[in-house]
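Following: one structure in structure tokens, then a few remarks.
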Amino acid sequence: MSKTIFDYSVPERSAVSLPPREIDGELANIISPKFLRKSPARLPELSELDVMRHYIQLSHKNHFIEKGLYPLGSCTMKYNPKIHEQLVRHSCFNNIHPYQHLHTLQGSLEILYELQKDLAEISGMAQVTLQPVAGAQGEFTGIKIIEAYHRAKGNSHKKKIILPDSAHGTNPASCALVGYEVVEIKSNSHGRIDLERLKEVIDDEVAGFMLTNPNTLGLFENQIEDIAALIHSVDGLVYMDGANLNALMGIVQPGKIGFDVMHFNLHKTFSTPHGGGGPGCGPVGVVDKLVPYLPVPMISKNEDGYFFDYSHENTSIGKVHTFYGNFAVMLRAYIYIRMMGPDGLRNASENAILNANYLMKLLEPYFHIEHREACMHEFVADGTWQKKENGISTLDIAKRLLDKGYHAPTVYFPLIVPEALMIEPTETESKESIDSFAQAMIEIAQECKSTPEILNEAPLTTPVRRVDDVRAVKVLDLKHEIKN
Ligand SMILES: *Cc1c(COP(=O)(O)O)cnc(C)c1O
């Protein structure tokens with residue numbers, strides 16, 4: 001167990017020397033003596049350098065993108081340009097307030113207006129709302145829009161939304177939250193939508209269809225036009241979960257191939273560090289016929305400048321977040337899009353795809369990969385060979401990667417792949433860093449045969465070894481005793 005900052009404490013040692021504190025007349029008048037401490041607070045006493053060293057050492061016990069590759073699948077961008085962090089902290093942006101007068105907010109509104117347009121262009125959609133603050137909330141917003149469309153058309157018989165068994169868990173949850181019945185269809189042997197099964201479940205009650213493209217197996221759903229035609233034939237709408245847009249930027253516009261609604265995850269595709277779960281931004285783009293149902297307000301422009309536009313309030317699904325959503329995430333996305341430009345965005349997608357395919361080829365001889373055709377920005381390998389031959393689970397492999405200096409890939413997702421290892425190197429990794437990661441994975445595959453006991457014990461080098469999750473939940477211990 002490593003030392004806490006209290007263990008380093010030495011009486012009277014301090015970082016800076018300030019004049020002795022005197023509770024003289026004035027302060028004593030403000031604070032009643034009964035509230036003054038009788039004894040000094042038990043704080044650690046250290047020099048500035050001691051403090052710096054302690055926290056730098058602590059930070060290294062964690063894994064972060066600046067320390068090493070982070071192959072988590074379905075999370076997309078891991079490295080975000082540092083200049084974005086500087087720019088969003090600029091006082092022009094971080095001192096504004098949503099209740100300020102519009103004429104003092106024109107610059108910020110212009111950025112939001114332009115971002116709405118850029119995202120519409122990238123996705124081929126007619127209009128985009130920036131308000132939802134997560135991908136999951138974007139899904140909820142999109143499904144509410146589908147519901148509003150059917151209500152306006154008097155489609156009261158629409159009760160169901162169809163989605164594949166490869167879907168992210170938020171998809172069925174969002175449908176259920178809006179009140180739809182979820183119909184799950186099994187993917188075919190190519191990891192794609194099974195058109196025959198889809199035909200069997202399509203009827204007049206279908207309100208919509210939800211699809212991630214590329215799907216969670218890292219495969220492009222190439223029958224999307226046929227799927228869309230089937231859904232549209234019963235006046236259903238087609239929703240795209242755009243969490244994997246990193247594979248499509250500048251290559252495919254979802255709004256042009258049959259999708260009616262989609263969400264973006266700005267915190268996955270367009271910069272913003274997203275470890276720790278937030279804050280995020282999940283804009284929703286729609287085709288023309290769904291524009292009236294978008295949340296209010298939109299950011300619009302007239303002869304007086306930019307303004308919060310409530311003009312479609314009567315048809316809108318309403319507001320989905322306080323004020324206007326997470327401004328700083330939108331700002332990073334805007335900066336990223338403008339810095340990259342159209343060619344840069346396409347380049348990022350192409351590199352993401354190239355890196356994933358290169359890594360997949362390196363690992364193919366050592367790990368089972370069900371769908372070995374060319375992948376998009378990620379691929380799903382699995383640990384079934386290791387499980388069968390050596391009794392090693394994907395969890396063991398993930399833990400062993402920590403010993404080799406890597407974060408684990410996404411494991412046990414998608415649910416339809418046993419022992420799944422979902423790997424996404426992203427566009428920012430060099431050939432050399434991908435080679436090193438592949439080398440670590442290959443070493444692990446060899447260890448599974450030669451020294452499986454190491455795999456059962458891993459991680460061996462981390463400050464905290466394998467934890468007993470079940471016991472941790474049942475026997476909660478949240479205290480750390482300070483020795484005096
Ligand atoms: C991340 C993700 C989501 C949910 O997005 P959040 O921003 O985490 O709410 C939905 N679908 C897929 C495929 C994802 O990868």
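Each chain in the structure tokens gets a letter, A, B, ..., in the order shown, and its residues are numbered from 1; ligands are numbered from 1 in order too.
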Which residues are near ligand 1 - at most 7 Å, using only C-alpha atoms and all ligand atoms? Format: as number ranges by chain. A: 74-75, 134-137, 167-168, 170-171, 212, 216, 241, 243-244, 265, 280, 282
Quick one: write out the picked residues with C-alpha atoms as a PDB file, in the first residue's frame?
ATOM      1  CA  SER A  74     -16.818   2.190 -28.978  1.00  0.00           C
ATOM      2  CA  CYS A  75     -15.297   5.178 -27.179  1.00  0.00           C
ATOM      3  CA  ALA A 134     -25.042  12.769 -23.794  1.00  0.00           C
ATOM      4  CA  GLY A 135     -25.394  10.217 -26.547  1.00  0.00           C
ATOM      5  CA  ALA A 136     -28.062   8.482 -24.496  1.00  0.00           C
ATOM      6  CA  GLN A 137     -29.978  11.738 -24.093  1.00  0.00           C
ATOM      7  CA  ALA A 167     -27.171  -2.617 -30.106  1.00  0.00           C
ATOM      8  CA  HIS A 168     -25.608  -0.618 -27.295  1.00  0.00           C
ATOM      9  CA  THR A 170     -28.735   2.681 -24.213  1.00  0.00           C
ATOM     10  CA  ASN A 171     -30.745   2.028 -27.418  1.00  0.00           C
ATOM     11  CA  THR A 212     -25.584   1.869 -35.126  1.00  0.00           C
ATOM     12  CA  THR A 216     -20.795  -2.398 -32.683  1.00  0.00           C
ATOM     13  CA  ASP A 241     -26.863   5.820 -33.368  1.00  0.00           C
ATOM     14  CA  ALA A 243     -21.472   6.976 -31.745  1.00  0.00           C
ATOM     15  CA  ASN A 244     -19.259   5.461 -34.436  1.00  0.00           C
ATOM     16  CA  ASN A 265     -21.478  12.061 -29.517  1.00  0.00           C
ATOM     17  CA  GLY A 280     -20.850  15.386 -22.854  1.00  0.00           C
ATOM     18  CA  GLY A 282     -25.277  14.478 -27.916  1.00  0.00           C
TER      19      GLY A 282
END
Distance query segment 449-462 of chain A at most 7 Å, only C-alpha atoms, self and fewer than 6 positions along chain excluded, as a ChimeraX atom specification: /A:390,396-397,399-400,402-403
Which of segment 155-243 of chain A end up as helix (DSSP H, G or I) when DSSP is run on this backbone - answer as a list in words? Thr170, Asn171, Pro172, Ala173, Ser174, Cys175, Ala176, Leu177, Val178, Leu195, Glu196, Arg197, Leu198, Lys199, Glu200, Val201, Ile224, Glu225, Asp226, Ile227, Ala228, Ala229, Leu230, Ile231, His232, Gly242 and Ala243 of chain A
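For Leu354 of chain A, the list of residues within 10 Å, based on only C-alpha atoms and with local chain neighbours fewer than 4 positions off taken out, reads Ala348, Ser349, Glu350, Tyr358, Leu359, Met360, Ala374, Cys375, Met376, His377, Glu378, Pro425, Thr426 and Glu427 of chain A.
Of the listed residues (A:Gly169, A:Gly154, A:Pro414, A:Pro132), A:Pro132 comes nearest to Cys281 of chain A; the distances count only C-alpha atoms.
Closest approach to Lys431 of chain A among A:Val261, A:Leu476, A:Leu195, A:Leu69: A:Leu69, based on only C-alpha atoms.
The closest residue to Tyr406 of chain A, picked from A:Gln439, A:Lys158, A:Thr76, A:Thr428 and counting only C-alpha atoms, is A:Gln439.
Here atom CA of Ser14 of chain A and atom CA of His54 of chain A stand 14.6 Å from one another.
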What residues in segment 367-425 of chain A get the DSSP label strand (DSSP E)? Please answer as a PDB file with all heavy atoms, in the first residue's frame.
ATOM      1  N   PHE A 379     -12.600  -3.222 -34.297  1.00  0.00           N
ATOM      2  CA  PHE A 379     -12.935  -4.616 -34.615  1.00  0.00           C
ATOM      3  C   PHE A 379     -13.114  -5.370 -33.305  1.00  0.00           C
ATOM      4  O   PHE A 379     -12.692  -4.910 -32.240  1.00  0.00           O
ATOM      5  CB  PHE A 379     -11.853  -5.268 -35.484  1.00  0.00           C
ATOM      6  CG  PHE A 379     -10.510  -5.356 -34.814  1.00  0.00           C
ATOM      7  CD1 PHE A 379     -10.110  -6.510 -34.149  1.00  0.00           C
ATOM      8  CD2 PHE A 379      -9.637  -4.272 -34.843  1.00  0.00           C
ATOM      9  CE1 PHE A 379      -8.871  -6.586 -33.535  1.00  0.00           C
ATOM     10  CE2 PHE A 379      -8.392  -4.335 -34.221  1.00  0.00           C
ATOM     11  CZ  PHE A 379      -8.004  -5.488 -33.563  1.00  0.00           C
ATOM     12  N   VAL A 380     -13.788  -6.520 -33.415  1.00  0.00           N
ATOM     13  CA  VAL A 380     -14.025  -7.309 -32.213  1.00  0.00           C
ATOM     14  C   VAL A 380     -13.308  -8.653 -32.339  1.00  0.00           C
ATOM     15  O   VAL A 380     -13.665  -9.487 -33.165  1.00  0.00           O
ATOM     16  CB  VAL A 380     -15.536  -7.520 -31.969  1.00  0.00           C
ATOM     17  CG1 VAL A 380     -15.762  -8.339 -30.705  1.00  0.00           C
ATOM     18  CG2 VAL A 380     -16.241  -6.155 -31.855  1.00  0.00           C
ATOM     19  N   ALA A 381     -12.244  -8.803 -31.550  1.00  0.00           N
ATOM     20  CA  ALA A 381     -11.577 -10.099 -31.416  1.00  0.00           C
ATOM     21  C   ALA A 381     -12.201 -10.753 -30.185  1.00  0.00           C
ATOM     22  O   ALA A 381     -13.061 -10.166 -29.526  1.00  0.00           O
ATOM     23  CB  ALA A 381     -10.079  -9.895 -31.230  1.00  0.00           C
ATOM     24  N   ASP A 382     -11.793 -11.974 -29.856  1.00  0.00           N
ATOM     25  CA  ASP A 382     -12.313 -12.551 -28.621  1.00  0.00           C
ATOM     26  C   ASP A 382     -11.327 -13.550 -28.037  1.00  0.00           C
ATOM     27  O   ASP A 382     -10.336 -13.920 -28.683  1.00  0.00           O
ATOM     28  CB  ASP A 382     -13.700 -13.170 -28.841  1.00  0.00           C
ATOM     29  CG  ASP A 382     -13.679 -14.331 -29.814  1.00  0.00           C
ATOM     30  OD1 ASP A 382     -13.056 -15.355 -29.494  1.00  0.00           O
ATOM     31  OD2 ASP A 382     -14.286 -14.210 -30.902  1.00  0.00           O
ATOM     32  N   THR A 410     -12.285  -2.557 -24.644  1.00  0.00           N
ATOM     33  CA  THR A 410     -13.623  -2.802 -24.097  1.00  0.00           C
ATOM     34  C   THR A 410     -13.834  -4.312 -24.075  1.00  0.00           C
ATOM     35  O   THR A 410     -13.578  -4.979 -25.067  1.00  0.00           O
ATOM     36  CB  THR A 410     -14.681  -2.119 -24.993  1.00  0.00           C
ATOM     37  OG1 THR A 410     -14.465  -0.707 -24.921  1.00  0.00           O
ATOM     38  CG2 THR A 410     -16.094  -2.449 -24.563  1.00  0.00           C
ATOM     39  N   VAL A 411     -14.248  -4.850 -22.943  1.00  0.00           N
ATOM     40  CA  VAL A 411     -14.403  -6.306 -22.861  1.00  0.00           C
ATOM     41  C   VAL A 411     -15.867  -6.696 -22.625  1.00  0.00           C
ATOM     42  O   VAL A 411     -16.631  -5.930 -22.057  1.00  0.00           O
ATOM     43  CB  VAL A 411     -13.500  -6.906 -21.748  1.00  0.00           C
ATOM     44  CG1 VAL A 411     -12.035  -6.764 -22.121  1.00  0.00           C
ATOM     45  CG2 VAL A 411     -13.764  -6.275 -20.392  1.00  0.00           C
ATOM     46  N   ALA A 420     -15.725 -11.188 -25.650  1.00  0.00           N
ATOM     47  CA  ALA A 420     -15.370 -10.131 -26.602  1.00  0.00           C
ATOM     48  C   ALA A 420     -14.231  -9.226 -26.123  1.00  0.00           C
ATOM     49  O   ALA A 420     -14.137  -8.880 -24.950  1.00  0.00           O
ATOM     50  CB  ALA A 420     -16.601  -9.274 -26.902  1.00  0.00           C
ATOM     51  N   LEU A 421     -13.379  -8.879 -27.078  1.00  0.00           N
ATOM     52  CA  LEU A 421     -12.320  -7.876 -26.880  1.00  0.00           C
ATOM     53  C   LEU A 421     -12.509  -6.858 -28.001  1.00  0.00           C
ATOM     54  O   LEU A 421     -12.132  -7.102 -29.140  1.00  0.00           O
ATOM     55  CB  LEU A 421     -10.943  -8.523 -27.051  1.00  0.00           C
ATOM     56  CG  LEU A 421     -10.393  -9.406 -25.940  1.00  0.00           C
ATOM     57  CD1 LEU A 421      -9.385 -10.393 -26.509  1.00  0.00           C
ATOM     58  CD2 LEU A 421      -9.740  -8.538 -24.867  1.00  0.00           C
ATOM     59  N   MET A 422     -13.132  -5.728 -27.663  1.00  0.00           N
ATOM     60  CA  MET A 422     -13.477  -4.752 -28.701  1.00  0.00           C
ATOM     61  C   MET A 422     -12.375  -3.697 -28.749  1.00  0.00           C
ATOM     62  O   MET A 422     -12.173  -2.953 -27.786  1.00  0.00           O
ATOM     63  CB  MET A 422     -14.816  -4.136 -28.326  1.00  0.00           C
ATOM     64  CG  MET A 422     -15.349  -3.181 -29.337  1.00  0.00           C
ATOM     65  SD  MET A 422     -16.710  -2.299 -28.575  1.00  0.00           S
ATOM     66  CE  MET A 422     -17.793  -2.123 -29.970  1.00  0.00           C
ATOM     67  N   ILE A 423     -11.666  -3.659 -29.872  1.00  0.00           N
ATOM     68  CA  ILE A 423     -10.409  -2.902 -29.931  1.00  0.00           C
ATOM     69  C   ILE A 423     -10.497  -1.742 -30.919  1.00  0.00           C
ATOM     70  O   ILE A 423     -10.865  -1.930 -32.081  1.00  0.00           O
ATOM     71  CB  ILE A 423      -9.250  -3.842 -30.321  1.00  0.00           C
ATOM     72  CG1 ILE A 423      -9.200  -5.018 -29.326  1.00  0.00           C
ATOM     73  CG2 ILE A 423      -7.929  -3.086 -30.358  1.00  0.00           C
ATOM     74  CD1 ILE A 423      -8.125  -6.036 -29.627  1.00  0.00           C
TER      75      ILE A 423
END
Show me, as number ranges by chain, the residues that have an atom within 9 Å of segment 316-332 of chain A when counting only C-alpha atoms, minus same-chain residues fewer than 3 positions from it. A: 84-85, 87-89, 93-94, 98, 108, 111-112, 115, 130-133, 137, 141, 144-145, 148, 266-267, 270-272, 279-281, 291-298, 310, 312-313, 335-337
Excluding Asn213 of chain A and any residue of its chain fewer than 6 positions from it, enumerate the residues within 9 Å of it, using only C-alpha atoms, and give them as a VMD selection string. chain A and resid 219 to 221 240 to 245 247 to 248 254
Which distance in Å separates atom CA of Ser436 of chain A and atom CA of Ile369 of chain A, to one decimal? 19.9 Å
Skipping near chain neighbours, those fewer than 6 positions away, what residues fall within 7 Å of segment 225-228 of chain A using only C-alpha atoms, listed as a ChimeraX atom specification? /A:238,257-258
For the selection just defined, write its residues with N, CA and C atoms to a file, as an mmCIF file, in the first residue's frame.
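Okay, this is what ended up in out-v7.cif:
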data_model
loop_
_atom_site.group_PDB
_atom_site.id
_atom_site.type_symbol
_atom_site.label_atom_id
_atom_site.label_comp_id
_atom_site.auth_asym_id
_atom_site.auth_seq_id
_atom_site.Cartn_x
_atom_site.Cartn_y
_atom_site.Cartn_z
ATOM 1 N N VAL A 238 -36.155 5.839 -39.533
ATOM 2 C CA VAL A 238 -34.909 5.118 -39.301
ATOM 3 C C VAL A 238 -33.950 5.997 -38.494
ATOM 4 N N ILE A 257 -28.456 8.414 -46.989
ATOM 5 C CA ILE A 257 -28.565 6.990 -47.333
ATOM 6 C C ILE A 257 -29.761 6.318 -46.659
ATOM 7 N N GLY A 258 -30.687 7.130 -46.134
ATOM 8 C CA GLY A 258 -31.922 6.531 -45.624
ATOM 9 C C GLY A 258 -32.224 6.791 -44.161
#
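Ranking A:Phe64, A:Asp7, A:Ala352, A:Lys117 by their shortest atom-to-atom distance to Asp50 of chain A, with only C-alpha atoms included, puts A:Asp7 first.
You can rank A:Phe437, A:Phe413, A:Phe6, A:Tyr99 by their closest distance to Leu401 of chain A using only C-alpha atoms, and at the top of that list sits A:Phe437.
Taking only C-alpha atoms into account, Asp288 of chain A lies nearest to A:Met125 out of the set A:Leu478, A:Cys448, A:Met125, A:Ile65.
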Pairwise distance for atom CA of Lys289 of chain A and atom CA of Leu163 of chain A, rounded to one decimal in Å: 22.5 Å
